[in-house]
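Working notes, structure below.
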Amino acid sequence: MTDRHPYPLIGSLALLVALAACSDELASPVLLDPVSAETVTAAKKVKMVPHKGEIFFYPTAVEPTDDPLVVRISYEGEGIASHFGSFTETGAYSLHSDGVGTPLFISDVVATRYTANGDMVFLTNVTGVISLTGDPEHPLILEGDFNYGGGTGRFEGVSGSLHWLAIGNPDGSALSNFEGTISTVGSGK
């Protein structure tokens with residue numbers, strides 16, 4: 001007889017026992033409940049791509065609020081952007097000023113973009129601060145950030161994070177450029 005060592009046999013048996021105990025886990029390496037599985041699947045599909053454009057917007061109404069330093073401004077705009085083509089926008093925001101009437105910042109923005117094919121994209125978390133330029137032709141610079149928070153049609157579930165910079169005119173209109181990222185069309189579904 002040979003002097004075979006018993007350890008390879010014991011090691012093989014231990015491996016078989018371990019594999020048998022894990023057989024269910026081997027068939028399905030990750031067991032997720034349906035909601036978690038859908039979230040993981042959605043997260044894998046979302047791809048962020050560059051997105052930029054510009055919009056010319058102008059006030060359509062100015063209304064007082066309970067605070068004498070704040071007015072509510074409704075506006076409309078027209079622009080062009082990657083992934084949207086030509087688009088229009090409607091919205092409203094609160095304009096905050098100091099005691100002498102100098103505009104300081106905007107808040108409470110509600111805005112919707114209507115893309116070239118008629119789908120809607122909703123702007124959320126819009127911030128904006130205002131700086132005075134001293135130039136009578138372009139007295140204000142507005143700057144801030146916003147997100148895309150869903151939409152309709154091919155933009156259902158869209159997301160994005162963007163930065164905007166606008167040059168204001170004396171009549172309250174402004175030309176705004178924006179740049180950031182947007183989720184690819186349909187990736188939020």
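Within each chain, counting starts at residue 1; across the structure tokens, chains are named A, B, ... in the order shown, with ligands numbered 1 upward in that order.
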
Compile the contact shell of range 124-139 of chain A as a ChimeraX atom specification: residues with an atom at most 12 Å away, counting only C-alpha atoms, same-chain residues fewer than 3 positions apart removed.
/A:91-98,102-113,121,142-151,158-176

Pick from A:His83, A:Glu89, A:Thr60, A:Arg154: nearest to Phe122 in chain A, with only C-alpha atoms counted?
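The answer is A:Glu89, which sits nearest to Phe122 in chain A.
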
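Put simply, CA of Met48 in chain A is 22.2 Å away from CA of Gly118 in chain A.
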
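Backbone DSSP over range 25-156 of chain A yields alpha helix (DSSP H) at Glu25, Leu26, Ala27, Pro34, Val35, Ser36, Ala37, Glu38, Thr39, Val40, Thr41, Ala42, Ala43, Lys44 and Lys45 of chain A.
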
Include all heavy atoms and write out the residues we just selected as an mmCIF file, in the first residue's frame.
```
data_model
loop_
_atom_site.group_PDB
_atom_site.id
_atom_site.type_symbol
_atom_site.label_atom_id
_atom_site.label_comp_id
_atom_site.auth_asym_id
_atom_site.auth_seq_id
_atom_site.Cartn_x
_atom_site.Cartn_y
_atom_site.Cartn_z
ATOM 1 N N GLU A 25 -28.120 29.468 -2.588
ATOM 2 C CA GLU A 25 -27.454 30.741 -2.810
ATOM 3 C C GLU A 25 -26.688 30.750 -4.124
ATOM 4 O O GLU A 25 -26.557 31.769 -4.758
ATOM 5 C CB GLU A 25 -26.524 31.063 -1.642
ATOM 6 C CG GLU A 25 -27.289 31.368 -0.359
ATOM 7 C CD GLU A 25 -26.364 31.629 0.805
ATOM 8 O OE1 GLU A 25 -25.251 32.136 0.581
ATOM 9 O OE2 GLU A 25 -26.763 31.330 1.937
ATOM 10 N N LEU A 26 -26.174 29.570 -4.551
ATOM 11 C CA LEU A 26 -25.453 29.523 -5.811
ATOM 12 C C LEU A 26 -26.391 29.713 -6.991
ATOM 13 O O LEU A 26 -26.028 30.317 -7.981
ATOM 14 C CB LEU A 26 -24.708 28.187 -5.949
ATOM 15 C CG LEU A 26 -23.525 28.014 -5.004
ATOM 16 C CD1 LEU A 26 -22.936 26.618 -5.171
ATOM 17 C CD2 LEU A 26 -22.466 29.060 -5.262
ATOM 18 N N ALA A 27 -27.611 29.210 -6.877
ATOM 19 C CA ALA A 27 -28.570 29.361 -7.964
ATOM 20 C C ALA A 27 -28.993 30.814 -8.114
ATOM 21 O O ALA A 27 -29.282 31.273 -9.192
ATOM 22 C CB ALA A 27 -29.791 28.479 -7.719
ATOM 23 N N PRO A 34 -38.912 42.155 -4.666
ATOM 24 C CA PRO A 34 -39.227 42.758 -5.975
ATOM 25 C C PRO A 34 -38.961 44.259 -6.056
ATOM 26 O O PRO A 34 -38.497 44.755 -7.066
ATOM 27 C CB PRO A 34 -40.711 42.451 -6.168
ATOM 28 C CG PRO A 34 -40.964 41.241 -5.330
ATOM 29 C CD PRO A 34 -40.019 41.349 -4.162
ATOM 30 N N VAL A 35 -39.243 45.010 -4.991
ATOM 31 C CA VAL A 35 -39.026 46.465 -5.019
ATOM 32 C C VAL A 35 -37.539 46.771 -5.110
ATOM 33 O O VAL A 35 -37.102 47.595 -5.907
ATOM 34 C CB VAL A 35 -39.657 47.136 -3.777
ATOM 35 C CG1 VAL A 35 -39.286 48.605 -3.713
ATOM 36 C CG2 VAL A 35 -41.169 46.954 -3.793
ATOM 37 N N SER A 36 -36.723 46.081 -4.315
ATOM 38 C CA SER A 36 -35.276 46.302 -4.364
ATOM 39 C C SER A 36 -34.708 45.894 -5.713
ATOM 40 O O SER A 36 -33.842 46.567 -6.261
ATOM 41 C CB SER A 36 -34.579 45.512 -3.255
ATOM 42 O OG SER A 36 -34.994 45.973 -1.989
ATOM 43 N N ALA A 37 -35.189 44.783 -6.263
ATOM 44 C CA ALA A 37 -34.717 44.328 -7.565
ATOM 45 C C ALA A 37 -35.028 45.359 -8.647
ATOM 46 O O ALA A 37 -34.198 45.638 -9.512
ATOM 47 C CB ALA A 37 -35.349 42.983 -7.910
ATOM 48 N N GLU A 38 -36.231 45.972 -8.594
ATOM 49 C CA GLU A 38 -36.594 46.995 -9.573
ATOM 50 C C GLU A 38 -35.714 48.226 -9.423
ATOM 51 O O GLU A 38 -35.281 48.817 -10.403
ATOM 52 C CB GLU A 38 -38.069 47.377 -9.390
ATOM 53 C CG GLU A 38 -38.560 48.318 -10.462
ATOM 54 C CD GLU A 38 -40.045 48.598 -10.332
ATOM 55 O OE1 GLU A 38 -40.813 47.658 -10.076
ATOM 56 O OE2 GLU A 38 -40.409 49.767 -10.498
ATOM 57 N N THR A 39 -35.401 48.623 -8.189
ATOM 58 C CA THR A 39 -34.544 49.778 -7.944
ATOM 59 C C THR A 39 -33.142 49.529 -8.482
ATOM 60 O O THR A 39 -32.555 50.390 -9.123
ATOM 61 C CB THR A 39 -34.486 50.093 -6.433
ATOM 62 O OG1 THR A 39 -35.805 50.333 -5.980
ATOM 63 C CG2 THR A 39 -33.603 51.285 -6.150
ATOM 64 N N VAL A 40 -32.597 48.332 -8.243
ATOM 65 C CA VAL A 40 -31.268 47.995 -8.745
ATOM 66 C C VAL A 40 -31.271 47.996 -10.269
ATOM 67 O O VAL A 40 -30.372 48.525 -10.906
ATOM 68 C CB VAL A 40 -30.801 46.631 -8.185
ATOM 69 C CG1 VAL A 40 -29.555 46.137 -8.914
ATOM 70 C CG2 VAL A 40 -30.537 46.732 -6.697
ATOM 71 N N THR A 41 -32.296 47.429 -10.882
ATOM 72 C CA THR A 41 -32.397 47.394 -12.337
ATOM 73 C C THR A 41 -32.469 48.812 -12.893
ATOM 74 O O THR A 41 -31.785 49.146 -13.854
ATOM 75 C CB THR A 41 -33.638 46.591 -12.773
ATOM 76 O OG1 THR A 41 -33.523 45.273 -12.243
ATOM 77 C CG2 THR A 41 -33.744 46.522 -14.279
ATOM 78 N N ALA A 42 -33.284 49.667 -12.294
ATOM 79 C CA ALA A 42 -33.409 51.055 -12.757
ATOM 80 C C ALA A 42 -32.092 51.796 -12.616
ATOM 81 O O ALA A 42 -31.708 52.561 -13.487
ATOM 82 C CB ALA A 42 -34.520 51.774 -11.999
ATOM 83 N N ALA A 43 -31.392 51.579 -11.490
ATOM 84 C CA ALA A 43 -30.121 52.264 -11.260
ATOM 85 C C ALA A 43 -29.090 51.856 -12.304
ATOM 86 O O ALA A 43 -28.276 52.672 -12.731
ATOM 87 C CB ALA A 43 -29.613 51.973 -9.856
ATOM 88 N N LYS A 44 -29.128 50.620 -12.741
ATOM 89 C CA LYS A 44 -28.180 50.167 -13.749
ATOM 90 C C LYS A 44 -28.469 50.788 -15.108
ATOM 91 O O LYS A 44 -27.571 50.978 -15.903
ATOM 92 C CB LYS A 44 -28.226 48.639 -13.859
ATOM 93 C CG LYS A 44 -27.638 47.930 -12.669
ATOM 94 C CD LYS A 44 -27.729 46.432 -12.848
ATOM 95 C CE LYS A 44 -27.201 45.700 -11.632
ATOM 96 N NZ LYS A 44 -27.320 44.244 -11.777
ATOM 97 N N LYS A 45 -29.722 51.108 -15.414
ATOM 98 C CA LYS A 45 -30.104 51.648 -16.709
ATOM 99 C C LYS A 45 -29.798 53.135 -16.843
ATOM 100 O O LYS A 45 -29.621 53.615 -17.945
ATOM 101 C CB LYS A 45 -31.610 51.460 -16.935
ATOM 102 C CG LYS A 45 -32.032 50.049 -17.165
ATOM 103 C CD LYS A 45 -33.537 50.039 -17.405
ATOM 104 C CE LYS A 45 -34.106 48.663 -17.491
ATOM 105 N NZ LYS A 45 -35.566 48.700 -17.653
#
```

Expressed in Å to a single decimal, how great is the separation between CA of Ile80 in chain A and CA of Val46 in chain A?
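Calculated distance between CA of Ile80 in chain A and CA of Val46 in chain A is 23.5 Å.
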